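Raw target_1.cif, mmCIF, C-alpha atoms:
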```cif
data_entry
loop_
_atom_site.label_atom_id
_atom_site.label_comp_id
_atom_site.auth_asym_id
_atom_site.auth_seq_id
_atom_site.Cartn_x
_atom_site.Cartn_y
_atom_site.Cartn_z
CA MET G 10 -24.95 -8.21 0.11
CA GLY G 11 -21.55 -6.67 0.50
CA ILE G 12 -17.84 -7.07 1.14
CA ILE G 13 -16.14 -6.74 4.52
CA TYR G 14 -12.66 -5.21 4.45
CA ASN G 15 -9.82 -5.21 6.96
CA GLY G 16 -10.15 -8.81 8.05
CA ASN G 17 -7.27 -8.67 10.54
CA VAL G 18 -8.47 -6.23 13.21
CA GLU G 19 -8.18 -6.17 16.98
CA GLU G 20 -11.07 -6.31 19.39
CA LYS G 21 -11.91 -3.10 21.23
CA GLU G 22 -14.34 -1.90 23.87
CA LEU G 23 -17.55 -0.63 22.28
CA TYR G 24 -19.99 0.16 25.07
CA SER G 25 -20.56 -0.23 28.81
CA ALA G 26 -23.78 -0.08 30.87
CA TYR G 27 -25.79 -1.98 33.51
CA GLY G 28 -22.65 -3.68 34.85
CA MET G 29 -21.73 -5.10 31.43
CA THR G 30 -19.08 -4.23 28.86
CA VAL G 31 -19.37 -4.92 25.14
CA TYR G 32 -16.35 -5.67 22.96
CA GLY G 33 -16.13 -6.20 19.22
CA LYS G 34 -14.04 -6.04 16.06
CA GLU G 35 -14.82 -3.10 13.80
CA ASN G 36 -14.62 -3.39 10.02
CA ASP G 37 -15.75 -1.60 6.88
CA TYR G 38 -18.69 -2.90 4.87
CA ASP G 39 -18.96 -2.14 1.17
CA TRP G 40 -22.36 -2.69 -0.45
CA THR G 41 -22.15 -4.63 -3.72
CA ILE G 42 -25.86 -4.54 -4.52
CA TYR G 43 -26.11 -0.78 -3.83
CA PRO G 44 -23.09 0.72 -5.61
CA ASP G 45 -24.10 4.28 -4.71
CA ARG G 46 -24.45 3.48 -1.01
CA PRO G 47 -21.44 4.67 1.01
CA ARG G 48 -19.20 2.28 2.91
CA GLU G 49 -20.39 1.66 6.47
CA LYS G 50 -18.77 0.74 9.75
CA CYS G 51 -19.78 -2.62 11.13
CA TYR G 52 -18.82 -5.14 13.82
CA ILE G 53 -17.94 -8.73 12.91
CA SER G 54 -17.66 -10.04 16.47
CA LEU G 55 -19.47 -9.42 19.72
CA ARG G 56 -18.42 -10.23 23.26
CA ILE G 57 -20.35 -9.16 26.35
CA ASN G 58 -18.71 -9.44 29.76
CA ASN G 59 -20.26 -8.77 33.16
CA GLY G 60 -16.95 -8.41 34.97
CA GLU G 61 -16.79 -12.06 35.94
CA ASN G 62 -17.94 -14.10 32.95
CA HIS G 63 -18.52 -13.85 29.24
CA ILE G 64 -22.26 -13.60 28.76
CA ILE G 65 -21.78 -14.14 25.06
CA ASN G 66 -18.87 -14.38 22.61
CA ILE G 67 -19.78 -14.61 18.91
CA ASN G 68 -17.91 -14.29 15.62
CA LEU G 69 -20.50 -12.85 13.26
CA GLY G 70 -18.70 -12.88 9.92
CA ASN G 71 -20.90 -11.56 7.12
CA ARG G 72 -23.87 -11.40 9.51
CA CYS G 73 -22.32 -8.26 10.89
CA ILE G 74 -23.81 -5.56 13.10
CA PHE G 75 -23.88 -2.18 11.44
CA LYS G 76 -22.63 0.58 13.72
CA GLU G 77 -25.78 2.65 13.23
CA ASN G 78 -28.01 -0.14 14.50
CA PHE G 79 -25.52 -1.02 17.27
CA ASP G 80 -25.57 2.55 18.56
CA ARG G 81 -29.38 2.65 18.44
CA THR G 82 -29.96 -0.75 20.07
CA ILE G 83 -27.11 -1.78 22.37
CA ASP G 84 -28.32 0.07 25.48
CA ASN G 85 -31.75 -1.51 25.09
CA PHE G 86 -30.10 -4.88 24.52
CA LEU G 87 -28.07 -4.70 27.74
CA TYR G 88 -31.11 -3.40 29.65
CA TRP G 89 -33.04 -6.45 28.45
CA ILE G 90 -30.25 -8.82 29.58
CA LYS G 91 -30.02 -7.17 33.00
CA ASN G 92 -33.74 -7.17 33.70
CA ASP G 93 -34.86 -10.43 32.06
CA ALA G 94 -31.73 -12.56 32.67
CA PRO G 95 -32.34 -14.69 29.53
CA ALA G 96 -30.45 -17.92 28.88
CA ASP G 97 -27.30 -17.76 26.75
CA TYR G 98 -28.92 -19.32 23.69
CA ILE G 99 -31.76 -16.80 23.87
CA ILE G 100 -29.24 -13.95 24.00
CA GLU G 101 -27.41 -15.39 20.98
CA ASN G 102 -30.65 -15.63 19.00
CA ALA G 103 -31.47 -12.06 20.00
CA VAL G 104 -28.11 -10.83 18.70
CA PHE G 105 -29.04 -12.02 15.21
CA LYS G 106 -32.61 -10.82 15.53
CA SER G 107 -32.13 -7.43 17.16
CA LEU G 108 -28.54 -6.34 16.51
CA THR G 109 -27.63 -7.72 13.09
CA CYS G 110 -31.14 -6.71 11.96
CA ALA G 111 -32.91 -3.43 12.66
CA ASP G 112 -35.64 -4.75 14.95
CA SER G 113 -37.74 -1.66 15.60
CA ILE G 114 -40.30 -3.64 17.64
CA PHE G 115 -37.60 -4.73 20.11
CA ASN G 116 -36.41 -1.17 20.54
CA HIS G 117 -39.95 0.14 20.91
CA LEU G 118 -40.87 -2.39 23.61
CA ILE G 119 -37.70 -1.79 25.60
CA GLU G 120 -38.07 1.98 25.32
CA GLN G 121 -41.59 1.65 26.69
CA ARG G 122 -40.28 -0.41 29.63
CA LYS G 123 -37.57 2.16 30.29
CA TYR G 124 -40.14 4.95 30.21
CA ARG G 125 -42.43 3.18 32.69
CA GLU G 126 -39.48 2.43 34.96
CA HIS G 127 -38.40 6.07 34.81
CA GLN G 128 -41.92 7.24 35.65
CA GLU G 129 -42.11 4.84 38.61
CA GLN G 130 -38.73 6.05 39.86
CA GLU G 131 -39.85 9.66 39.55
CA GLN G 132 -43.05 8.89 41.46
CA ARG G 133 -41.10 7.16 44.24
CA LYS G 134 -38.71 10.10 44.34
CA GLN G 135 -41.57 12.59 44.58
CA ILE G 136 -43.23 10.56 47.34
CA ALA G 137 -39.95 10.37 49.27
CA GLU G 138 -39.39 14.11 48.86
CA ARG G 139 -42.93 14.85 50.04
CA GLU G 140 -42.50 12.57 53.06
CA ASN G 141 -39.25 14.35 53.95
CA GLU G 142 -40.98 17.72 53.59
CA GLU G 143 -43.83 16.55 55.82
CA ARG G 144 -41.44 15.28 58.50
CA ALA G 145 -39.61 18.61 58.44
CA ALA G 146 -42.91 20.52 58.61
CA ILE G 147 -44.18 18.42 61.52
CA ALA G 148 -40.91 18.93 63.38
CA GLU G 149 -41.22 22.69 62.86
CA ILE G 150 -44.80 22.71 64.12
CA GLU G 151 -43.86 20.60 67.14
CA ASN G 152 -40.96 22.91 68.00
CA TYR G 153 -43.22 25.92 67.67
CA CYS G 154 -45.77 24.39 70.05
CA LYS G 155 -43.05 23.45 72.53
CA GLU G 156 -41.64 26.99 72.55
CA LYS G 157 -45.09 28.55 72.94
CA GLY G 158 -46.37 26.06 75.50
CA LEU G 159 -49.11 24.88 73.13
CA LEU G 160 -50.60 21.42 72.60
CA ILE G 161 -50.76 19.70 69.25
CA TYR G 162 -53.08 17.07 67.83
CA MET G 163 -52.26 15.35 64.53
CA LYS G 164 -54.15 12.66 62.66
CA TYR G 165 -53.14 11.95 59.07
CA GLU G 166 -53.12 15.37 57.35
CA GLU G 167 -55.21 17.10 60.02
CA VAL G 168 -53.36 19.28 62.51
CA ILE G 169 -54.91 21.19 65.42
CA ILE G 170 -52.96 23.45 67.77
CA LEU G 171 -54.60 24.05 71.12
CA LYS G 172 -53.91 26.37 74.02
CA ALA G 173 -54.89 25.32 77.52
CA LEU G 174 -56.11 28.28 79.55
CA THR G 175 -55.60 26.57 82.92
CA ASN G 176 -52.82 24.39 84.25
CA ASN G 177 -55.30 21.65 85.14
CA VAL G 178 -56.55 21.39 81.54
CA LYS G 179 -53.00 21.64 80.21
CA ASN G 180 -51.92 18.68 82.34
CA GLN G 181 -55.00 16.66 81.33
CA MET G 182 -54.44 17.38 77.65
CA ALA G 183 -50.72 16.57 77.86
CA GLU G 184 -51.51 13.20 79.46
CA THR G 185 -54.17 12.49 76.82
CA ILE G 186 -51.69 13.21 74.03
CA LYS G 187 -49.01 11.13 75.74
CA GLN G 188 -51.40 8.16 76.01
CA ASN G 189 -52.52 8.70 72.40
CA ASN G 190 -56.12 8.53 73.60
CA MET G 191 -57.91 9.59 70.41
CA ASP G 192 -61.42 9.23 71.82
CA ARG G 193 -60.69 11.60 74.68
CA MET G 194 -58.82 13.97 72.37
CA LYS G 195 -61.84 14.08 70.05
CA MET G 196 -64.00 14.86 73.05
CA TYR G 197 -61.84 17.87 73.95
CA ILE G 198 -61.81 19.12 70.36
CA ASP G 199 -65.57 18.67 69.92
CA PHE G 200 -66.07 20.55 73.17
CA VAL G 201 -63.96 23.54 72.19
CA LYS G 202 -65.58 23.68 68.73
CA LYS G 203 -69.02 23.66 70.32
CA TYR G 204 -68.09 26.18 73.00
CA PRO G 205 -65.38 28.39 71.46
CA ASP G 206 -65.72 31.00 74.23
CA ASN G 207 -65.11 28.54 77.09
CA ASN G 208 -62.53 29.42 79.76
CA ASP G 209 -60.49 26.20 79.54
CA LEU G 210 -59.28 25.58 76.00
CA ARG G 211 -58.81 27.38 72.69
CA ILE G 212 -58.05 26.23 69.14
CA ILE G 213 -55.18 28.38 67.89
CA ALA G 214 -54.89 26.88 64.42
CA SER G 215 -56.32 23.96 62.47
CA GLY G 216 -56.02 22.56 58.97
CA THR G 217 -53.60 20.57 56.88
CA ILE G 218 -49.90 20.40 57.72
CA ASP G 219 -49.17 23.03 55.07
CA GLU G 220 -51.96 25.34 56.27
CA VAL G 221 -50.86 25.18 59.90
CA LEU G 222 -47.23 25.62 58.91
CA GLU G 223 -48.17 28.75 56.98
CA TYR G 224 -50.03 30.05 60.04
CA ILE G 225 -47.12 29.62 62.48
CA ARG G 226 -44.70 31.25 60.02
CA LYS G 227 -46.70 34.49 59.86
#
```
Rewritten as structure tokens:
Amino acid sequence: MGIIYNGNVEEKELYSAYGMTVYGKENDYDWTIYPDRPREKCYISLRINNGENHIININLGNRCIFKENFDRTIDNFLYWIKNDAPADYIIENAVFKSLTCADSIFNHLIEQRKYREHQEQEQRKQIAERENEERAAIAEIENYCKEKGLLIYMKYEEVIILKALTNNVKNQMAETIKQNNMDRMKMYIDFVKKYPDNNDLRIIASGTIDEVLEYIRK
């Protein structure tokens, strides 16, 4: 129990995130049951606007929101509204449950959701970065082969660079690659692996994209 001072105060902007802005009236709260407890800042009204409509507009009176709990909870509260899109009456109930009271379970659950979302975003970012790196590496390998007159075979992470020793084989290999004839390509590769000293075809480099890239950069 306590006493709220400064009854005639103006509303001000308190916080903004997730496309929403929070407004409220700030007062001082004096504890009557804890005489040694210092006076605290609190909010006696709460209005949340999404730029077009009021999501909620409440006069709280003595069921005020202490600034400490507001600062700790409001970002989680707006995150919950944005992601769950609850009905207005559910939001109003949550104000009294999670903002006027220190609901540690609410904060814990939302923090866990935020953490998982952050991890998923980081994973997607890492995947995208790796894909960009792979595309750049493949382009570098392809340019190298074009400059050197070499042939390239790629399947998933496997890369094989081949050198045709005769024009006839070079033309056959180029047509095979153009047609994306994997069975015939495998036949050529199996042949050169079985007979590495043949006079028609050589394997210059083979391995993963990174391994072949390291080879051509030497």
Could you write out as a PyMOL selection string the residues that the PyMOL selection byres ((chain G and resi 117-121) around 10) matches in the shown file? chain G and resi 82+84-86+88-89+112-116+122-127
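One distance worth recording is that between atom CA of Leu174 of chain G and atom CA of Ile213 of chain G, which is 11.7 Å.
Distances here use only C-alpha atoms; by that measure, the residue among G:Val168, G:Asn66, G:Glu49, G:Lys34 closest to Cys154 of chain G is G:Val168.
Closest approach to Gly70 of chain G among G:Glu131, G:Glu35, G:Glu142, G:Asp206: G:Glu35, based on only C-alpha atoms.
For the set G:Asp192, G:Glu138, G:Glu149, G:Glu77, the residue with the smallest atom-to-atom gap to Glu223 of chain G is G:Glu149, counting all atoms listed in the file.
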Distance of atom CA of Arg81 of chain G from atom CA of Ala111 of chain G, expressed in Å to one decimal place: 9.1 Å
I need every residue sitting at most 9 Å from the point (-54.8, 24.2, 69.1) (coordinates as in the file, all atoms listed in the file considered), written as a PDB file with C-alpha atoms, in the frame of the given file.
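Output file part-v1.pdb is given in full below:
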```pdb
ATOM      1  CA  LEU G 159     -49.110  24.880  73.130  1.00  0.00           C
ATOM      2  CA  LEU G 160     -50.600  21.420  72.600  1.00  0.00           C
ATOM      3  CA  ILE G 161     -50.760  19.700  69.250  1.00  0.00           C
ATOM      4  CA  TYR G 162     -53.080  17.070  67.830  1.00  0.00           C
ATOM      5  CA  VAL G 168     -53.360  19.280  62.510  1.00  0.00           C
ATOM      6  CA  ILE G 169     -54.910  21.190  65.420  1.00  0.00           C
ATOM      7  CA  ILE G 170     -52.960  23.450  67.770  1.00  0.00           C
ATOM      8  CA  LEU G 171     -54.600  24.050  71.120  1.00  0.00           C
ATOM      9  CA  LYS G 172     -53.910  26.370  74.020  1.00  0.00           C
ATOM     10  CA  ALA G 173     -54.890  25.320  77.520  1.00  0.00           C
ATOM     11  CA  ILE G 198     -61.810  19.120  70.360  1.00  0.00           C
ATOM     12  CA  LEU G 210     -59.280  25.580  76.000  1.00  0.00           C
ATOM     13  CA  ARG G 211     -58.810  27.380  72.690  1.00  0.00           C
ATOM     14  CA  ILE G 212     -58.050  26.230  69.140  1.00  0.00           C
ATOM     15  CA  ILE G 213     -55.180  28.380  67.890  1.00  0.00           C
ATOM     16  CA  ALA G 214     -54.890  26.880  64.420  1.00  0.00           C
ATOM     17  CA  SER G 215     -56.320  23.960  62.470  1.00  0.00           C
TER      18      SER G 215
END
```
Here's the selection I'm unsure about, the PyMOL selection byres ((chain G and resi 24-27) around 8); applied to the file above, which residues does it give, as a PDB file with C-alpha atoms, in the frame of the given file?
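Below you can see expr_17.pdb, which holds the result:
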```pdb
ATOM      1  CA  GLU G  22     -14.340  -1.900  23.870  1.00  0.00           C
ATOM      2  CA  LEU G  23     -17.550  -0.630  22.280  1.00  0.00           C
ATOM      3  CA  GLY G  28     -22.650  -3.680  34.850  1.00  0.00           C
ATOM      4  CA  MET G  29     -21.730  -5.100  31.430  1.00  0.00           C
ATOM      5  CA  THR G  30     -19.080  -4.230  28.860  1.00  0.00           C
ATOM      6  CA  VAL G  31     -19.370  -4.920  25.140  1.00  0.00           C
ATOM      7  CA  TYR G  32     -16.350  -5.670  22.960  1.00  0.00           C
ATOM      8  CA  ILE G  83     -27.110  -1.780  22.370  1.00  0.00           C
ATOM      9  CA  ASP G  84     -28.320   0.070  25.480  1.00  0.00           C
ATOM     10  CA  LEU G  87     -28.070  -4.700  27.740  1.00  0.00           C
ATOM     11  CA  TYR G  88     -31.110  -3.400  29.650  1.00  0.00           C
ATOM     12  CA  LYS G  91     -30.020  -7.170  33.000  1.00  0.00           C
TER      13      LYS G  91
END
```
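In this model, the gap between atom CA of Glu19 of chain G and atom CA of Cys73 of chain G comes to 15.5 Å.
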In terms of the shortest atom-to-atom distance over all atoms listed in the file, which of G:Arg48, G:Arg56, G:Lys179, G:Arg144 is closest to Ile218 of chain G? G:Arg144
